[in-house]
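Okay, start20.cif now, which holds mmCIF, C-alpha atoms:
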data_query
#
loop_
_atom_site.label_atom_id
_atom_site.label_comp_id
_atom_site.auth_asym_id
_atom_site.auth_seq_id
_atom_site.Cartn_x
_atom_site.Cartn_y
_atom_site.Cartn_z
CA MET A 254 48.10 12.35 22.86
CA THR A 255 44.93 14.05 23.95
CA SER A 256 45.37 13.13 27.61
CA ALA A 257 48.99 14.26 27.63
CA THR A 258 48.19 17.78 26.57
CA PRO A 259 47.02 19.06 29.99
CA VAL A 260 50.12 17.54 31.61
CA VAL A 261 52.40 19.30 29.16
CA SER A 262 50.48 22.51 29.66
CA GLY A 263 50.74 22.12 33.41
CA LEU A 264 54.48 21.59 33.22
CA GLY A 265 54.72 24.63 31.05
CA LEU A 266 52.83 26.68 33.60
CA LEU A 267 55.09 25.43 36.36
CA ALA A 268 58.13 26.34 34.34
CA LEU A 269 56.74 29.79 33.70
CA ALA A 270 55.97 30.25 37.38
CA ALA A 271 59.47 29.12 38.33
CA ALA A 272 60.92 31.58 35.88
CA GLY A 273 59.01 34.36 37.50
CA CYS A 274 56.81 34.96 34.48
CA MET A 275 53.55 34.69 36.39
CA ARG A 276 54.17 37.23 39.05
CA SER A 277 51.18 39.27 40.01
CA PRO A 278 51.30 42.76 38.62
CA PRO A 279 52.60 45.31 41.07
CA GLY A 280 50.11 46.98 43.32
CA PRO A 281 49.26 50.65 43.28
CA PRO A 282 51.97 53.08 44.32
CA ASP A 283 51.44 54.77 47.65
CA ALA A 284 52.70 58.10 46.38
CA LEU A 285 52.45 60.26 43.30
CA SER A 286 55.59 61.11 41.39
CA ASP A 287 56.16 64.27 43.41
CA GLY A 288 56.12 62.31 46.66
CA SER A 289 52.66 63.38 47.75
CA PRO A 290 50.36 60.63 49.06
CA ALA A 291 48.36 58.66 46.51
CA ARG A 292 44.64 58.91 47.20
CA PRO A 293 41.58 57.16 45.78
CA PRO A 294 39.17 59.08 43.56
CA PRO A 295 36.42 61.01 45.36
CA VAL A 296 33.63 58.92 43.84
CA GLU A 297 33.23 55.26 43.01
CA LEU A 298 33.94 54.81 39.32
CA GLU A 299 31.62 52.31 37.72
CA GLY A 300 33.29 49.29 36.16
CA VAL A 301 36.76 50.09 37.43
CA ASP A 302 38.05 47.01 39.18
CA GLY A 303 40.90 46.97 41.65
CA PRO A 304 42.74 49.83 43.26
CA THR A 305 42.55 53.25 41.70
CA VAL A 306 44.88 56.16 42.31
CA SER A 307 43.65 59.69 41.69
CA THR A 308 46.05 62.00 39.88
CA ARG A 309 46.23 65.58 41.06
CA VAL A 310 45.29 68.49 38.85
CA ARG A 311 45.75 72.22 39.23
CA VAL A 312 44.39 74.85 36.88
CA LEU A 313 46.42 78.04 36.95
CA GLN A 314 46.03 81.40 35.33
CA SER A 315 49.00 81.75 33.02
CA ILE A 316 49.67 85.30 34.18
CA SER A 317 50.06 84.06 37.74
CA VAL A 318 52.62 81.34 37.01
CA ASP A 319 55.86 81.87 38.92
CA PRO A 320 58.38 83.04 36.30
CA GLY A 321 61.09 80.79 37.69
CA SER A 322 59.00 77.67 37.91
CA ARG A 323 59.09 74.58 35.77
CA THR A 324 55.60 75.38 34.54
CA ALA A 325 56.87 78.73 33.34
CA SER A 326 59.59 77.00 31.35
CA CYS A 327 56.86 75.05 29.55
CA LEU A 328 54.81 78.18 28.92
CA ASP A 329 57.86 79.53 27.12
CA SER A 330 57.09 76.99 24.38
CA SER A 331 54.71 79.56 22.99
CA ASP A 332 54.63 83.35 23.07
CA ASP A 333 50.85 83.22 22.85
CA ALA A 334 49.76 81.11 25.81
CA GLY A 335 46.09 81.27 26.70
CA ALA A 336 44.62 82.10 30.07
CA ARG A 337 44.63 78.65 31.61
CA VAL A 338 47.43 76.22 32.30
CA VAL A 339 46.77 72.72 33.56
CA GLU A 340 49.33 70.97 35.74
CA ARG A 341 48.87 67.26 36.36
CA VAL A 342 50.75 65.02 38.76
CA GLY A 343 50.37 61.29 38.34
CA THR A 344 52.04 58.16 39.60
CA SER A 345 54.69 58.13 36.86
CA GLY A 346 55.18 61.74 36.03
CA THR A 347 53.88 65.23 35.66
CA SER A 348 52.64 67.26 32.74
CA VAL A 349 51.72 70.80 31.86
CA SER A 350 49.21 71.51 29.08
CA PHE A 351 47.83 74.72 27.69
CA LEU A 352 46.16 76.16 24.62
CA THR A 353 47.14 79.28 22.78
CA ARG A 354 44.91 82.33 23.15
CA ASP A 355 43.04 81.61 19.94
CA GLY A 356 42.48 78.01 21.04
CA ARG A 357 43.97 76.64 17.82
CA GLU A 358 47.18 75.15 19.17
CA ALA A 359 47.95 72.95 22.17
CA TYR A 360 51.25 72.51 23.96
CA ALA A 361 52.36 69.99 26.55
CA CYS A 362 55.51 69.31 28.51
CA ASP A 363 56.02 65.97 30.22
CA SER A 364 58.37 64.95 33.01
CA THR A 365 59.10 61.84 34.98
CA GLU A 366 61.29 63.64 37.49
CA GLY A 367 58.71 64.35 40.17
CA ARG A 368 60.31 67.18 42.05
CA ALA A 369 62.84 68.36 39.53
CA THR A 370 62.70 71.94 38.39
CA GLY A 371 63.77 73.85 35.35
CA GLU A 372 63.70 73.40 31.62
CA SER A 373 65.93 70.33 31.57
CA SER A 374 63.50 68.24 33.58
CA TRP A 375 61.07 68.01 30.65
CA CYS A 376 61.66 64.74 28.89
CA GLY A 377 58.82 65.14 26.43
CA ARG A 378 57.04 67.89 24.58
CA SER A 379 54.01 67.87 22.36
CA PHE A 380 52.38 70.29 20.01
CA GLY A 381 49.06 69.89 18.28
CA ARG A 382 46.74 71.90 16.08
CA LEU A 383 43.04 71.95 16.85
CA HIS A 384 40.47 71.96 14.10
CA ALA A 385 37.04 73.16 15.17
CA GLY A 386 38.20 72.73 18.73
CA ARG A 387 39.38 69.15 18.29
CA LEU A 388 42.78 67.56 17.94
CA ARG A 389 43.03 65.23 14.97
CA ASP A 390 45.80 63.30 16.62
CA PRO A 391 46.52 62.58 20.32
CA ARG A 392 50.15 63.71 19.80
CA LEU A 393 51.84 60.79 21.44
CA SER A 394 55.24 61.37 23.04
CA LEU A 395 57.53 58.41 23.72
CA THR A 396 60.68 60.18 24.85
CA CYS A 397 60.15 59.82 28.61
CA ARG A 398 61.16 56.86 30.72
CA GLY A 399 59.87 55.75 34.08
CA ILE A 400 61.91 54.99 37.17
CA ASP A 401 62.45 51.48 35.84
CA GLU A 402 63.85 53.00 32.62
CA GLU A 403 60.97 51.58 30.61
CA PRO A 404 59.42 53.98 28.10
CA LEU A 405 56.20 55.75 28.95
CA GLY A 406 53.66 57.14 26.53
CA PHE A 407 52.08 60.55 27.12
CA ALA A 408 49.15 61.67 24.97
CA TRP A 409 46.12 63.92 24.98
CA ILE A 410 42.54 62.83 25.18
CA GLN A 411 39.52 65.03 24.57
CA PRO A 412 36.65 63.44 26.48
CA THR A 413 32.95 63.98 25.89
CA ALA A 414 31.32 67.07 27.35
CA ALA A 415 29.64 64.93 30.01
CA THR A 416 32.89 63.38 31.21
CA SER A 417 34.23 64.40 34.61
CA TYR A 418 36.70 61.58 35.17
CA LEU A 419 39.00 59.61 32.90
CA VAL A 420 40.47 56.31 34.02
CA VAL A 421 43.51 54.70 32.43
CA THR A 422 44.54 51.15 33.22
CA ARG A 423 48.07 50.74 34.56
CA PRO A 424 49.82 47.53 35.61
CA GLY A 425 48.09 46.39 38.80
CA TYR A 426 45.94 49.48 39.28
CA SER A 427 44.08 52.26 37.55
CA GLU A 428 44.85 55.94 37.43
CA SER A 429 42.04 58.49 37.40
CA TYR A 430 42.10 62.03 36.00
CA VAL A 431 39.72 64.88 36.66
CA VAL A 432 38.71 66.74 33.53
CA ALA A 433 39.62 70.38 34.11
CA GLY A 434 40.52 73.66 32.52
CA ALA A 435 38.94 73.08 29.09
CA VAL A 436 42.27 71.72 27.91
CA PRO A 437 42.81 68.20 26.51
CA VAL A 438 43.69 65.75 29.28
CA ARG A 439 47.29 64.53 29.25
CA ILE A 440 47.37 60.84 30.19
CA VAL A 441 50.08 58.22 30.64
CA THR A 442 50.47 54.59 29.66
CA ASP A 443 53.08 51.87 30.10
CA ASP A 444 51.75 50.00 27.07
CA VAL A 445 54.39 51.18 24.64
CA ASP A 446 55.72 49.44 21.55
CA LEU A 447 58.89 51.21 20.49
CA GLY A 448 59.22 49.02 17.41
CA SER A 449 56.10 50.54 15.90
CA SER A 450 56.39 53.90 17.68
CA THR A 451 52.95 53.34 19.17
CA ALA A 452 51.28 53.20 22.54
CA ALA A 453 47.90 51.98 23.72
CA PHE A 454 45.70 53.49 26.39
CA ALA A 455 42.87 51.49 27.97
CA VAL A 456 40.46 54.26 28.93
CA SER A 457 37.06 54.70 30.48
CA GLU A 458 35.17 57.95 30.82
CA HIS A 459 32.85 58.65 33.74
CA ALA A 460 30.21 61.19 34.67
CA ARG A 461 30.41 63.32 37.79
CA ASP A 462 28.59 60.63 39.79
CA GLY A 463 31.05 57.96 38.61
CA ARG A 464 28.72 56.37 36.07
CA ARG A 465 30.65 54.98 33.16
CA LEU A 466 29.93 56.75 29.90
CA ARG A 467 32.17 54.80 27.57
CA ARG A 468 35.16 52.53 27.50
CA TYR A 469 37.68 52.18 24.72
CA ARG A 470 41.24 51.56 23.73
CA LEU A 471 43.15 54.39 22.14
CA GLU A 472 46.06 53.38 19.95
CA ALA A 473 48.31 56.31 19.24
CA ARG A 474 51.28 56.73 16.91
CA VAL A 475 54.18 59.12 17.14
CA SER A 476 53.74 61.59 14.32
CA GLY A 477 54.75 64.94 12.95
CA MET B 22 52.44 43.21 23.52
CA LEU B 23 50.42 45.97 21.96
CA ARG B 24 48.61 43.66 19.61
CA THR B 25 47.81 40.87 22.01
CA ARG B 26 45.92 42.54 24.81
CA HIS B 27 42.37 41.45 25.34
CA LEU B 28 40.09 44.34 24.68
CA VAL B 29 36.51 45.11 25.33
CA THR B 30 36.32 47.78 22.72
CA THR B 31 38.87 49.15 20.32
CA LEU B 32 38.34 52.71 19.25
CA ALA B 33 40.48 55.58 18.25
CA VAL B 34 37.61 57.55 19.73
CA ALA B 35 37.49 61.25 19.07
CA PHE B 36 40.38 61.05 16.68
CA ALA B 37 38.70 58.42 14.56
CA LEU B 38 35.50 60.39 14.63
CA ALA B 39 37.36 63.41 13.34
CA TYR B 40 38.15 61.46 10.20
CA ALA B 41 34.65 60.17 9.57
CA GLY B 42 33.96 60.53 5.89
CA THR B 43 37.61 61.02 5.00
CA ALA B 44 39.77 58.24 6.34
CA ALA B 45 36.94 55.80 6.05
CA ALA B 46 36.70 56.61 2.38
CA TYR B 47 40.43 56.89 1.77
CA HIS B 48 42.98 54.22 2.36
CA THR B 49 45.84 53.11 0.21
CA ARG B 50 47.50 49.73 0.18
CA PHE B 51 50.98 51.14 -0.08
CA VAL B 52 52.15 50.20 3.40
CA ALA B 53 50.32 46.88 3.43
CA ASP B 54 51.65 45.86 0.03
CA ASN B 55 55.19 47.19 0.15
CA CYS B 56 56.53 47.85 3.61
CA ASN B 57 58.27 45.57 6.07
CA TYR B 58 59.38 45.42 9.68
CA ALA B 59 62.92 44.19 9.19
CA PRO B 60 65.41 45.06 11.89
CA PRO B 61 67.90 47.80 11.13
CA THR B 62 71.55 47.18 10.44
CA PRO B 63 73.81 48.85 12.99
CA THR B 64 76.49 50.87 11.28
CA SER B 65 79.61 52.18 12.88
CA TYR B 66 79.45 55.62 11.36
CA ILE B 67 77.87 57.81 8.74
CA THR B 68 79.09 60.94 7.04
CA ARG B 69 76.92 63.96 6.42
CA ASP B 70 77.21 63.29 2.68
CA GLY B 71 76.15 59.70 3.27
CA SER B 72 73.12 60.89 5.17
CA ALA B 73 72.31 63.33 2.37
CA ALA B 74 72.39 60.43 -0.07
CA VAL B 75 69.84 58.60 2.08
CA ALA B 76 67.66 61.72 2.10
CA LEU B 77 67.85 62.17 -1.66
CA ARG B 78 66.35 58.75 -2.22
CA ALA B 79 63.17 60.05 -0.61
CA ARG B 80 63.03 63.05 -2.94
CA HIS B 81 59.81 63.20 -4.99
CA GLU B 82 58.29 60.43 -2.87
CA GLY B 83 55.15 60.88 -0.79
CA TYR B 84 54.27 62.14 2.66
CA GLN B 85 52.43 60.14 5.28
CA TRP B 86 51.48 61.43 8.73
CA ALA B 87 53.16 59.07 11.24
CA GLY B 88 54.67 57.22 8.28
CA GLY B 89 58.16 56.07 7.50
CA CYS B 90 58.19 53.83 4.42
CA TRP B 91 58.87 54.83 0.87
CA ASN B 92 60.26 53.47 -2.36
CA ASP B 93 62.52 55.20 -4.88
CA ASN B 94 60.40 55.65 -8.00
CA ASP B 95 60.29 59.45 -7.87
CA ARG B 96 56.55 59.74 -7.50
CA ASP B 97 54.03 59.80 -4.69
CA ASP B 98 52.27 56.45 -4.78
CA SER B 99 49.48 57.67 -2.51
CA PRO B 100 48.91 61.36 -3.19
CA ASN B 101 46.57 63.69 -1.31
CA ASP B 102 45.97 61.66 1.81
CA PRO B 103 43.76 63.37 4.41
CA HIS B 104 45.78 65.59 6.72
CA GLU B 105 47.11 64.37 10.06
CA ASN B 106 45.63 60.93 9.67
CA PRO B 107 48.01 58.12 10.61
CA TYR B 108 45.72 55.39 9.34
CA THR B 109 45.69 56.02 5.59
CA GLY B 110 48.53 53.62 4.83
CA GLY B 111 50.25 55.86 2.33
CA GLU B 112 53.78 56.22 1.07
CA GLY B 113 56.35 58.42 2.76
CA GLY B 114 57.52 59.67 6.08
CA ASP B 115 56.30 62.71 7.90
CA CYS B 116 58.86 65.36 8.76
CA SER B 117 60.08 63.74 11.96
CA GLY B 118 59.93 60.18 10.62
CA PHE B 119 61.95 61.27 7.60
CA THR B 120 64.54 62.91 9.86
CA PHE B 121 64.75 59.85 12.09
CA LYS B 122 65.48 57.57 9.16
CA VAL B 123 67.87 59.90 7.40
CA TRP B 124 69.78 60.47 10.62
CA ARG B 125 69.85 56.71 11.11
CA GLU B 126 68.65 56.81 14.67
CA ALA B 127 67.57 54.06 17.05
CA LEU B 128 64.16 53.21 18.44
CA SER B 129 65.50 53.67 21.95
CA THR B 130 65.99 57.30 22.89
CA ALA B 131 68.97 56.24 25.01
CA ASP B 132 70.85 54.90 21.96
CA SER B 133 72.90 57.39 19.97
CA GLY B 134 74.29 54.76 17.60
CA PHE B 135 73.68 54.66 13.86
CA HIS B 136 71.11 52.26 12.47
CA GLN B 137 70.52 51.77 8.79
CA TRP B 138 66.83 51.36 8.04
CA GLY B 139 65.70 50.06 4.67
CA LEU B 140 63.64 52.43 2.55
CA LEU B 141 60.67 50.11 2.78
CA ARG B 142 60.99 49.51 6.51
CA PHE B 143 57.89 51.05 8.05
CA VAL B 144 59.31 52.99 10.97
CA HIS B 145 58.72 56.42 12.38
CA GLY B 146 60.83 56.46 15.51
CA PRO B 147 60.10 58.03 18.87
CA TYR B 148 60.60 61.69 18.01
CA THR B 149 58.24 64.43 16.92
CA ALA B 150 59.28 67.78 15.54
CA ALA B 151 58.75 69.24 19.01
CA THR B 152 60.99 66.70 20.71
CA PHE B 153 63.66 67.07 18.03
CA LYS B 154 63.47 70.82 18.58
CA ALA B 155 64.07 70.30 22.29
CA GLY B 156 67.09 68.09 21.57
CA ALA B 157 65.41 65.08 23.18
CA GLY B 158 67.13 61.71 23.02
CA ALA B 159 70.77 60.70 23.17
CA PRO B 160 71.51 61.32 19.46
CA ASN B 161 70.09 64.83 19.33
CA VAL B 162 71.27 68.18 20.67
CA THR B 163 70.17 71.72 20.17
CA ALA B 164 72.68 73.90 18.32
CA PRO B 165 73.01 77.61 17.50
CA LYS B 166 71.38 78.34 14.17
CA SER B 167 74.33 80.38 13.00
CA GLY B 168 76.59 77.35 13.06
CA LEU B 169 74.35 74.84 11.34
CA VAL B 170 75.80 72.97 8.38
CA LYS B 171 74.72 70.33 5.90
CA MET B 172 72.34 67.72 7.37
CA ASP B 173 71.79 69.63 10.57
CA ALA B 174 68.13 70.44 11.11
CA LEU B 175 65.86 73.38 11.73
CA ALA B 176 62.87 72.44 13.84
CA SER B 177 59.76 74.22 15.05
CA ASP B 178 57.10 72.74 17.32
CA GLY B 179 55.27 71.41 14.30
CA HIS B 180 57.87 70.81 11.61
CA ILE B 181 61.47 69.80 11.01
CA GLY B 182 63.60 69.99 7.88
CA LEU B 183 67.21 69.14 7.09
CA ILE B 184 69.72 71.55 5.61
CA TYR B 185 70.82 70.27 2.23
CA ALA B 186 72.77 73.36 1.20
CA VAL B 187 73.14 77.00 2.16
CA ASN B 188 72.24 79.58 -0.47
CA PRO B 189 74.45 82.64 -1.07
CA ASP B 190 71.73 84.91 0.34
CA GLY B 191 71.75 83.04 3.63
CA SER B 192 68.56 81.09 3.05
CA ASP B 193 68.77 77.31 3.06
CA GLN B 194 67.90 74.54 0.70
CA ILE B 195 65.91 72.28 2.98
CA ILE B 196 65.17 68.66 2.25
CA GLU B 197 62.02 67.80 4.09
CA ALA B 198 58.82 65.80 4.17
CA LYS B 199 56.61 68.83 3.89
CA GLY B 200 53.02 67.65 3.81
CA GLU B 201 50.42 65.60 2.02
CA ALA B 202 50.08 68.17 -0.75
CA TYR B 203 53.82 68.48 -1.27
CA GLY B 204 55.48 65.16 -0.57
CA THR B 205 59.22 65.08 0.09
CA ASN B 206 61.61 67.34 -1.78
CA ILE B 207 64.15 70.16 -1.57
CA TRP B 208 62.88 73.70 -1.26
CA THR B 209 64.52 77.03 -0.45
CA ARG B 210 63.34 78.06 3.02
CA THR B 211 63.97 80.86 5.49
CA TYR B 212 63.52 78.71 8.59
CA ARG B 213 66.89 79.84 9.91
CA GLY B 214 65.60 83.40 10.20
CA SER B 215 62.35 82.44 11.87
CA SER B 216 62.06 82.68 15.64
CA SER B 217 59.80 79.63 15.57
CA TYR B 218 62.67 77.43 14.44
CA SER B 219 65.65 76.20 16.47
CA GLY B 220 68.79 74.42 15.41
CA VAL B 221 69.13 70.70 16.03
CA ARG B 222 72.12 68.47 15.38
CA ARG B 223 72.56 64.74 15.24
CA VAL B 224 75.71 63.82 17.19
CA GLY B 225 78.42 61.43 16.07
CA TRP B 226 79.00 62.32 12.43
CA SER B 227 82.30 60.95 11.18
CA SER B 228 82.77 63.95 8.91
#
Any chance you could put this one into C-alpha cells?
Amino acid sequence: MTSATPVVSGLGLLALAAAGCMRSPPGPPDALSDGSPARPPPVELEGVDGPTVSTRVRVLQSISVDPGSRTASCLDSSDDAGARVVERVGTSGTSVSFLTRDGREAYACDSTEGRATGESSWCGRSFGRLHAGRLRDPRLSLTCRGIDEEPLGFAWIQPTAATSYLVVTRPGYSESYVVAGAVPVRIVTDDVDLGSSTAAFAVSEHARDGRRLRRYRLEARVSG
Amino acid sequence: MLRTRHLVTTLAVAFALAYAGTAAAYHTRFVADNCNYAPPTPTSYITRDGSAAVALRARHEGYQWAGGCWNDNDRDDSPNDPHENPYTGGEGGDCSGFTFKVWREALSTADSGFHQWGLLRFVHGPYTAATFKAGAGAPNVTAPKSGLVKMDALASDGHIGLIYAVNPDGSDQIIEAKGEAYGTNIWTRTYRGSSSYSGVRRVGWSS
C-alpha cells in the first residue's frame, strides 16, 4: 500500500499533464493594453522573481484634459474633480483615478479596451469616501473582463509614504506601478472569485531604490 | 482558487489598519452561524410584484457592508456594525447587494437571466452602486428618471435604492439597505429629483 502510493501519484501527474493541466503559466505580454511596448521597471525590485512589466502612468491637470477624451468622460463622474487626474495603462486594461477637490471622495473608471474612446468603453467604475485621507475599503470592481473573457478585479491601494513602486503578481509575470499623483493606485488582478464577489491581490511595495518595504495579500470584496 | 493560494503574508493592509480598535473588537457570528453558499435556482421570469415581495422580506432586517445574507425575523440581528467594514459578519445586504438579490441577478455580468437566491445565501454579486448607476452588466440599463416605475432603481455613485411606490407629491417610497444605523426598510426619498441619482432598470421583467 505504502509503496504503491508514489506510483498512483505519478500516474495522476501524468494524467494531469496529458490533460493540459500542468501547462506553464503564460509569459509576460510584450505590449500594454493600448498596444505600446511593454518595458521592465527602471530599477530592480527586490524579491520580485521572474519577468516584470512596468505599467505606464500619466498625471494630468484636470483643467487640461481634452474635453472629448475618454479621460474627460470619467471626470464627468463628479462635478467637483480635484486638480490631478491619474491615467494608468497596464497589460490588461487602463484606469483613470482622481480625488474631489476636498480630497474626501475618490473616483475611478476602468477599461479593458485599450484604445477605445468614449464613455461606453468604461466597463467598471468605483467610488470611495476617504476618512482622514484614507479609504476604508479598496472599492473592488468586478465588472470588467479581459481579452479571454475572464473577469478582472480592479481596486485601489494606498501604499506607505515611502513606497515608490507597487508590484502585483499576475499569471507568469509581475506588473509594477509607479506611485504618482497623491491618488490611490488602481491595480488589477486575475485572481477573482465571482462566487464570493471577491478578488485577491498579491502585492509588494518598494522604495525608490527598489528595496522591498512590505509584502502582503489584499483580499477585497465588492461592496456598497 | 482564492482560498488555496500559498501566501507569504495575508493582510488587508491599510484597510485592516483603518479598523484597528473597531473591527477587531466587533464581530458577530451571524454569517458564520446562519448563512450558506447554496447555488441559486434559475427561474424563467419574475414580475415586478414578485421582486417587491422578495424585497419586503428584507424589511426591518440589518445592513452589512459587502453583505448579502439575512433572515426574516423583522429585526437586525447584528446592529451598529462599524461603517464600511466587510469583515464584521453581520446580518443584511448593503445597498447594491440587496439590489442584486432582489433583482435576482447572476454572478456573471454577462448573464441577464433570473436567479433565485435564498435569503440566507451569503452573496453580494459583482455590482456596486456606481456600476449599477452606469448600467453595467447584461441585466442592467440606465433609464430616464421620469419613466421609472415600481422596482426600478435610483442610483448614485455611493448608494442605490429601489422604487417601491410613487407618492402623490412625486417623491418615492424607496426600499433600500440604507446603512448600519438604519438597516433595510422603506422610506420616502427625493432621489428622483437629485442630480446625483440616475435611473437604472433591470431588464426582462415579465410584467
Discussion item. Neighbouring residues of Asp390 of chain A were defined as those with any atom within 9 Å, considering all atoms listed in the file; residues of the same chain fewer than 2 positions away were excluded. Please report them as JSON, numbers by chain.
Written reply: {"A": [381, 382, 387, 388, 392, 393, 409, 473, 474, 476], "B": [35, 36, 37, 105, 106, 107]}
What are the residues of chain A lining chain B at 8 Å or less? Count all atoms listed in the file, and put the answer as a compact mmCIF listing (two decimals) with C-alpha atoms, in the coordinates of the input.
# COMPACT_ATOMS: atom_id res chain seq x y z
CA CYS A 376 61.66 64.74 28.89
CA GLY A 377 58.82 65.14 26.43
CA ARG A 378 57.04 67.89 24.58
CA SER A 379 54.01 67.87 22.36
CA PHE A 380 52.38 70.29 20.01
CA GLY A 381 49.06 69.89 18.28
CA ARG A 387 39.38 69.15 18.29
CA LEU A 388 42.78 67.56 17.94
CA ARG A 389 43.03 65.23 14.97
CA ASP A 390 45.80 63.30 16.62
CA PRO A 391 46.52 62.58 20.32
CA SER A 394 55.24 61.37 23.04
CA LEU A 395 57.53 58.41 23.72
CA THR A 396 60.68 60.18 24.85
CA GLN A 411 39.52 65.03 24.57
CA PRO A 412 36.65 63.44 26.48
CA ASP A 444 51.75 50.00 27.07
CA VAL A 445 54.39 51.18 24.64
CA ASP A 446 55.72 49.44 21.55
CA LEU A 447 58.89 51.21 20.49
CA GLY A 448 59.22 49.02 17.41
CA SER A 449 56.10 50.54 15.90
CA SER A 450 56.39 53.90 17.68
CA ALA A 452 51.28 53.20 22.54
CA ALA A 453 47.90 51.98 23.72
CA ARG A 468 35.16 52.53 27.50
CA TYR A 469 37.68 52.18 24.72
CA ARG A 470 41.24 51.56 23.73
CA LEU A 471 43.15 54.39 22.14
CA GLU A 472 46.06 53.38 19.95
CA ALA A 473 48.31 56.31 19.24
CA ARG A 474 51.28 56.73 16.91
CA VAL A 475 54.18 59.12 17.14
CA SER A 476 53.74 61.59 14.32
CA GLY A 477 54.75 64.94 12.95
Worksheet item: For the file shown, what are the residues hit by the PyMOL selection byres ((chain B and resi 112) around 8), laid out as a list in words?
Response: Phe51, Val52, Glu82, Gly83, Tyr84, Gln85, Gly88, Gly89, Cys90, Trp91, Asn92, Asp97, Asp98, Ser99, Gly110, Gly111, Gly113 and Gly114 of chain B
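Going from atom CA of Gly386 of chain A to atom CA of Ala433 of chain A covers 15.6 Å.
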Which residues of segment 298-382 of chain A come within 8 Å of segment 414-429 of chain A, and what is each one's closest atom pair and distance in Å (one decimal), counting only C-alpha atoms, sorted by chain and residue number, as a Markdown table?
| residue | atom | partner | partner_atom | distance |
| --- | --- | --- | --- | --- |
| A:Val301 | CA | A:Ser427 | CA | 7.6 |
| A:Gly303 | CA | A:Tyr426 | CA | 6.1 |
| A:Pro304 | CA | A:Tyr426 | CA | 5.1 |
| A:Thr305 | CA | A:Ser427 | CA | 4.5 |
| A:Val306 | CA | A:Glu428 | CA | 4.9 |
| A:Ser307 | CA | A:Ser429 | CA | 4.7 |
| A:Thr308 | CA | A:Ser429 | CA | 5.9 |
| A:Gly343 | CA | A:Glu428 | CA | 7.7 |
| A:Thr344 | CA | A:Glu428 | CA | 7.8 |
